[in-house]
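coords_23.pdb (PDB, C-alpha atoms) appears below.
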```pdb
ATOM      1  CA  GLN A   1      -3.376  -3.061  19.356  1.00  0.00           C
ATOM      2  CA  LEU A   2      -4.465  -3.701  15.805  1.00  0.00           C
ATOM      3  CA  GLN A   3      -1.914  -2.606  13.282  1.00  0.00           C
ATOM      4  CA  PHE A   4      -0.069  -3.633  10.179  1.00  0.00           C
ATOM      5  CA  VAL A   5       3.582  -4.538   9.865  1.00  0.00           C
ATOM      6  CA  GLU A   6       5.111  -3.290   6.639  1.00  0.00           C
ATOM      7  CA  SER A   7       8.380  -4.676   5.268  1.00  0.00           C
ATOM      8  CA  GLY A   8      10.479  -4.932   2.144  1.00  0.00           C
ATOM      9  CA  GLY A   9      11.740  -1.390   1.797  1.00  0.00           C
ATOM     10  CA  GLY A  10      15.299  -0.411   1.005  1.00  0.00           C
ATOM     11  CA  LEU A  11      17.559   1.380  -1.419  1.00  0.00           C
ATOM     12  CA  VAL A  12      16.958   0.697  -5.109  1.00  0.00           C
ATOM     13  CA  GLN A  13      18.309   2.254  -8.279  1.00  0.00           C
ATOM     14  CA  PRO A  14      16.036   4.096 -10.709  1.00  0.00           C
ATOM     15  CA  GLY A  15      14.381   1.593 -12.998  1.00  0.00           C
ATOM     16  CA  GLY A  16      14.675  -1.140 -10.398  1.00  0.00           C
ATOM     17  CA  SER A  17      12.027  -3.166  -8.582  1.00  0.00           C
ATOM     18  CA  ARG A  18      10.989  -3.824  -5.019  1.00  0.00           C
ATOM     19  CA  ARG A  19       8.205  -5.846  -3.395  1.00  0.00           C
ATOM     20  CA  LEU A  20       6.647  -4.596  -0.193  1.00  0.00           C
ATOM     21  CA  SER A  21       4.694  -6.790   2.198  1.00  0.00           C
ATOM     22  CA  CYS A  22       1.988  -5.868   4.659  1.00  0.00           C
ATOM     23  CA  THR A  23       0.813  -8.269   7.348  1.00  0.00           C
ATOM     24  CA  PRO A  24      -1.673  -7.585  10.124  1.00  0.00           C
ATOM     25  CA  SER A  25      -0.889  -7.898  13.795  1.00  0.00           C
ATOM     26  CA  GLY A  26      -3.806  -8.782  16.020  1.00  0.00           C
ATOM     27  CA  PHE A  27      -6.392  -9.430  13.327  1.00  0.00           C
ATOM     28  CA  THR A  28      -6.993 -11.380  10.162  1.00  0.00           C
ATOM     29  CA  LEU A  29      -6.922  -9.760   6.806  1.00  0.00           C
ATOM     30  CA  ASP A  30      -9.709 -11.506   4.932  1.00  0.00           C
ATOM     31  CA  VAL A  31     -12.527  -9.253   6.128  1.00  0.00           C
ATOM     32  CA  TYR A  32     -10.817  -6.020   5.124  1.00  0.00           C
ATOM     33  CA  ALA A  33      -9.819  -4.148   2.022  1.00  0.00           C
ATOM     34  CA  VAL A  34      -6.327  -2.701   2.208  1.00  0.00           C
ATOM     35  CA  GLY A  35      -4.693   0.420   0.912  1.00  0.00           C
ATOM     36  CA  TRP A  36      -1.031   1.275   0.372  1.00  0.00           C
ATOM     37  CA  PHE A  37      -0.064   4.863   1.049  1.00  0.00           C
ATOM     38  CA  ARG A  38       3.220   6.743   0.999  1.00  0.00           C
ATOM     39  CA  GLN A  39       4.593   9.824   2.622  1.00  0.00           C
ATOM     40  CA  ALA A  40       7.657  11.730   1.512  1.00  0.00           C
ATOM     41  CA  PRO A  41       9.425  14.210   3.813  1.00  0.00           C
ATOM     42  CA  GLY A  42       7.451  17.422   4.109  1.00  0.00           C
ATOM     43  CA  LYS A  43       4.498  16.048   2.184  1.00  0.00           C
ATOM     44  CA  GLU A  44       1.123  14.655   3.115  1.00  0.00           C
ATOM     45  CA  ARG A  45       0.367  10.963   3.061  1.00  0.00           C
ATOM     46  CA  GLU A  46      -0.975  10.031  -0.361  1.00  0.00           C
ATOM     47  CA  GLY A  47      -2.829   7.008  -1.663  1.00  0.00           C
ATOM     48  CA  VAL A  48      -0.930   4.611  -3.907  1.00  0.00           C
ATOM     49  CA  SER A  49      -3.213   1.623  -4.398  1.00  0.00           C
ATOM     50  CA  CYS A  50      -6.145  -0.249  -2.883  1.00  0.00           C
ATOM     51  CA  ILE A  51      -7.279  -3.839  -3.064  1.00  0.00           C
ATOM     52  CA  GLY A  52     -10.697  -5.088  -2.086  1.00  0.00           C
ATOM     53  CA  ARG A  53     -11.618  -8.215  -0.163  1.00  0.00           C
ATOM     54  CA  SER A  54     -11.621  -9.796  -3.584  1.00  0.00           C
ATOM     55  CA  ALA A  55      -8.220  -9.650  -5.226  1.00  0.00           C
ATOM     56  CA  ASP A  56      -9.982  -8.812  -8.487  1.00  0.00           C
ATOM     57  CA  ASN A  57     -10.826  -5.342  -7.195  1.00  0.00           C
ATOM     58  CA  THR A  58      -7.854  -3.004  -7.411  1.00  0.00           C
ATOM     59  CA  ASN A  59      -7.299   0.705  -7.788  1.00  0.00           C
ATOM     60  CA  TYR A  60      -4.148   2.731  -8.514  1.00  0.00           C
ATOM     61  CA  ALA A  61      -3.042   6.333  -8.340  1.00  0.00           C
ATOM     62  CA  ASP A  62      -2.244   7.740 -11.776  1.00  0.00           C
ATOM     63  CA  SER A  63       1.371   8.272 -10.738  1.00  0.00           C
ATOM     64  CA  VAL A  64       1.973   4.519 -10.283  1.00  0.00           C
ATOM     65  CA  LYS A  65      -0.454   3.000 -12.786  1.00  0.00           C
ATOM     66  CA  GLY A  66       1.317   0.512 -15.035  1.00  0.00           C
ATOM     67  CA  ARG A  67       4.339   0.316 -12.716  1.00  0.00           C
ATOM     68  CA  PHE A  68       2.944  -0.936  -9.398  1.00  0.00           C
ATOM     69  CA  THR A  69       0.838  -4.039  -8.785  1.00  0.00           C
ATOM     70  CA  ILE A  70      -1.109  -4.715  -5.598  1.00  0.00           C
ATOM     71  CA  SER A  71      -2.054  -8.260  -4.630  1.00  0.00           C
ATOM     72  CA  ARG A  72      -3.214 -10.228  -1.622  1.00  0.00           C
ATOM     73  CA  ASP A  73      -2.870 -13.779  -0.331  1.00  0.00           C
ATOM     74  CA  ASN A  74      -5.420 -14.405   2.389  1.00  0.00           C
ATOM     75  CA  SER A  75      -3.922 -17.848   3.095  1.00  0.00           C
ATOM     76  CA  LYS A  76      -0.733 -16.055   4.131  1.00  0.00           C
ATOM     77  CA  ASN A  77      -2.604 -13.135   5.686  1.00  0.00           C
ATOM     78  CA  ALA A  78      -0.631 -10.682   3.574  1.00  0.00           C
ATOM     79  CA  VAL A  79      -0.946  -7.916   1.009  1.00  0.00           C
ATOM     80  CA  TYR A  80       1.867  -7.065  -1.382  1.00  0.00           C
ATOM     81  CA  LEU A  81       2.913  -4.110  -3.494  1.00  0.00           C
ATOM     82  CA  GLN A  82       5.146  -4.995  -6.418  1.00  0.00           C
ATOM     83  CA  MET A  83       6.913  -1.854  -7.572  1.00  0.00           C
ATOM     84  CA  ASP A  84       8.637  -1.873 -10.958  1.00  0.00           C
ATOM     85  CA  ASN A  85      10.403   0.830 -12.968  1.00  0.00           C
ATOM     86  CA  LEU A  86      10.933   2.830  -9.805  1.00  0.00           C
ATOM     87  CA  LYS A  87      11.614   6.550 -10.051  1.00  0.00           C
ATOM     88  CA  PRO A  88      13.295   8.934  -7.599  1.00  0.00           C
ATOM     89  CA  GLU A  89       9.901  10.528  -6.949  1.00  0.00           C
ATOM     90  CA  ASP A  90       8.723   7.191  -5.521  1.00  0.00           C
ATOM     91  CA  THR A  91      11.037   7.743  -2.552  1.00  0.00           C
ATOM     92  CA  ALA A  92       8.921   7.753   0.608  1.00  0.00           C
ATOM     93  CA  PHE A  93       7.820   5.813   3.640  1.00  0.00           C
ATOM     94  CA  TYR A  94       5.198   3.290   2.559  1.00  0.00           C
ATOM     95  CA  TYR A  95       2.317   2.325   4.837  1.00  0.00           C
ATOM     96  CA  CYS A  96      -0.717   0.085   4.608  1.00  0.00           C
ATOM     97  CA  GLY A  97      -4.078   0.590   6.228  1.00  0.00           C
ATOM     98  CA  ALA A  98      -7.315  -1.343   6.553  1.00  0.00           C
ATOM     99  CA  ILE A  99     -10.791  -0.300   5.500  1.00  0.00           C
ATOM    100  CA  SER A 100     -14.134  -2.078   5.514  1.00  0.00           C
ATOM    101  CA  GLY A 101     -17.103  -1.697   3.233  1.00  0.00           C
ATOM    102  CA  GLY A 102     -18.212  -2.488  -0.291  1.00  0.00           C
ATOM    103  CA  TRP A 103     -15.861  -1.967  -3.206  1.00  0.00           C
ATOM    104  CA  THR A 104     -17.755   0.963  -4.721  1.00  0.00           C
ATOM    105  CA  LEU A 105     -17.433   2.875  -1.451  1.00  0.00           C
ATOM    106  CA  ILE A 106     -13.813   1.870  -0.967  1.00  0.00           C
ATOM    107  CA  GLN A 107     -12.880   3.003  -4.483  1.00  0.00           C
ATOM    108  CA  SER A 108     -14.205   6.468  -3.697  1.00  0.00           C
ATOM    109  CA  ARG A 109     -12.149   6.557  -0.494  1.00  0.00           C
ATOM    110  CA  CYS A 110      -9.000   4.870  -1.737  1.00  0.00           C
ATOM    111  CA  ALA A 111      -6.920   8.041  -1.910  1.00  0.00           C
ATOM    112  CA  ASN A 112      -7.897   9.387   1.516  1.00  0.00           C
ATOM    113  CA  PRO A 113      -5.932   8.026   4.500  1.00  0.00           C
ATOM    114  CA  GLU A 114      -8.538   9.365   6.936  1.00  0.00           C
ATOM    115  CA  PHE A 115     -10.803   6.423   6.117  1.00  0.00           C
ATOM    116  CA  PHE A 116      -8.147   3.813   6.918  1.00  0.00           C
ATOM    117  CA  GLY A 117      -6.890   2.393  10.183  1.00  0.00           C
ATOM    118  CA  ALA A 118      -4.440  -0.025  11.774  1.00  0.00           C
ATOM    119  CA  TRP A 119      -1.435   1.879  10.469  1.00  0.00           C
ATOM    120  CA  GLY A 120       1.978   0.354  11.011  1.00  0.00           C
ATOM    121  CA  GLN A 121       5.399   1.969  11.289  1.00  0.00           C
ATOM    122  CA  GLY A 122       5.925   1.940   7.559  1.00  0.00           C
ATOM    123  CA  THR A 123       8.859   0.843   5.438  1.00  0.00           C
ATOM    124  CA  GLN A 124      11.276   3.235   3.765  1.00  0.00           C
ATOM    125  CA  VAL A 125      11.835   3.059   0.022  1.00  0.00           C
ATOM    126  CA  THR A 126      14.654   5.149  -1.419  1.00  0.00           C
ATOM    127  CA  VAL A 127      15.147   5.333  -5.162  1.00  0.00           C
ATOM    128  CA  SER A 128      18.542   6.739  -5.958  1.00  0.00           C
ATOM    129  CA  SER A 129      21.613   6.024  -8.039  1.00  0.00           C
TER     130      SER A 129
END
```
Could you express the structure from this file as structure tokens?
Amino acid sequence: QLQFVESGGGLVQPGGSRRLSCTPSGFTLDVYAVGWFRQAPGKEREGVSCIGRSADNTNYADSVKGRFTISRDNSKNAVYLQMDNLKPEDTAFYYCGAISGGWTLIQSRCANPEFFGAWGQGTQVTVSS
């Protein structure tokens, strides 16, 4: 089964930082773009950030722009989400998914989880004092 393994979640105080990792199981990452999504209790899964096959292509939701940074290291077969200045409203399960296609198409689909696959179990991030 092709899926991602997300890790790095935990409890963090408001204003703190956390780095999430996303590694594929059963496939290599270099041919896919990747999106980070999150889902809070009682809410729908929402897009956080996308990164293309080229690490130069990135996209962020307005709610995290300037605070979160997505990156990838194909040599380590991993994608990361550096989260700084965390807020209580960032509390959620965080997931990553894979998508293929050109960057222009991916940008238009970045916020929609229906276009992504290989979902993992997610990693919980709780921002609380």
What would the selection look like, as a PyMOL selection string, if the PyMOL selection byres ((chain A and resi 110-122) around 10) were run on the coordinates I just shared? chain A and resi 1-9+22-27+33-39+44-51+58-61+92-100+103+105-109+123-125
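Here CA of Ser129 in chain A and CA of Gly42 in chain A stand 21.9 Å from one another.
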Could you give me, as JSON, numbers by chain, the residues within 10 Å of Ser63 in chain A, counting all atoms listed in the file and dropping anything in the same chain fewer than 4 positions from it? {"A": [48, 67, 68, 89, 90]}
Written selection (C-alpha atoms) as a tab-separated table (two decimals), in the coordinates of the input:
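Contents of out.tsv, freshly written:
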```
chain	number	residue	atom	x	y	z
A	48	VAL	CA	-0.93	4.61	-3.91
A	67	ARG	CA	4.34	0.32	-12.72
A	68	PHE	CA	2.94	-0.94	-9.40
A	89	GLU	CA	9.90	10.53	-6.95
A	90	ASP	CA	8.72	7.19	-5.52
```
Record the distance separating CA of Arg18 in chain A and CA of Asp62 in chain A, expressed in Å with one decimal. 18.8 Å
I would like the residues chosen by the PyMOL selection byres ((chain A and resi 88) around 8) on the shown file; could you give them as an MDAnalysis selection string? chainID A and resid 14 86:87 89:91 126:128
Starting from the shown file, work through the PyMOL selection byres ((chain A and resi 78-83) around 7) and note down what comes out as a short mmCIF file (atom, residue, chain, number, x, y, z; two decimals) with C-alpha atoms, in the coordinates of the input.
```cif
data_model
loop_
_atom_site.label_atom_id
_atom_site.label_comp_id
_atom_site.auth_asym_id
_atom_site.auth_seq_id
_atom_site.Cartn_x
_atom_site.Cartn_y
_atom_site.Cartn_z
CA SER A 17 12.03 -3.17 -8.58
CA ARG A 18 10.99 -3.82 -5.02
CA ARG A 19 8.20 -5.85 -3.40
CA LEU A 20 6.65 -4.60 -0.19
CA SER A 21 4.69 -6.79 2.20
CA CYS A 22 1.99 -5.87 4.66
CA THR A 23 0.81 -8.27 7.35
CA ARG A 67 4.34 0.32 -12.72
CA PHE A 68 2.94 -0.94 -9.40
CA THR A 69 0.84 -4.04 -8.78
CA ILE A 70 -1.11 -4.72 -5.60
CA SER A 71 -2.05 -8.26 -4.63
CA ARG A 72 -3.21 -10.23 -1.62
CA ASP A 73 -2.87 -13.78 -0.33
CA ASN A 74 -5.42 -14.40 2.39
CA LYS A 76 -0.73 -16.06 4.13
CA ASN A 77 -2.60 -13.14 5.69
CA ASP A 84 8.64 -1.87 -10.96
CA ASN A 85 10.40 0.83 -12.97
CA LEU A 86 10.93 2.83 -9.80
#
```
Just to confirm, what's the straight-line distance from CA of Ser54 in chain A to CA of Thr28 in chain A in Å (one decimal)? 14.6 Å
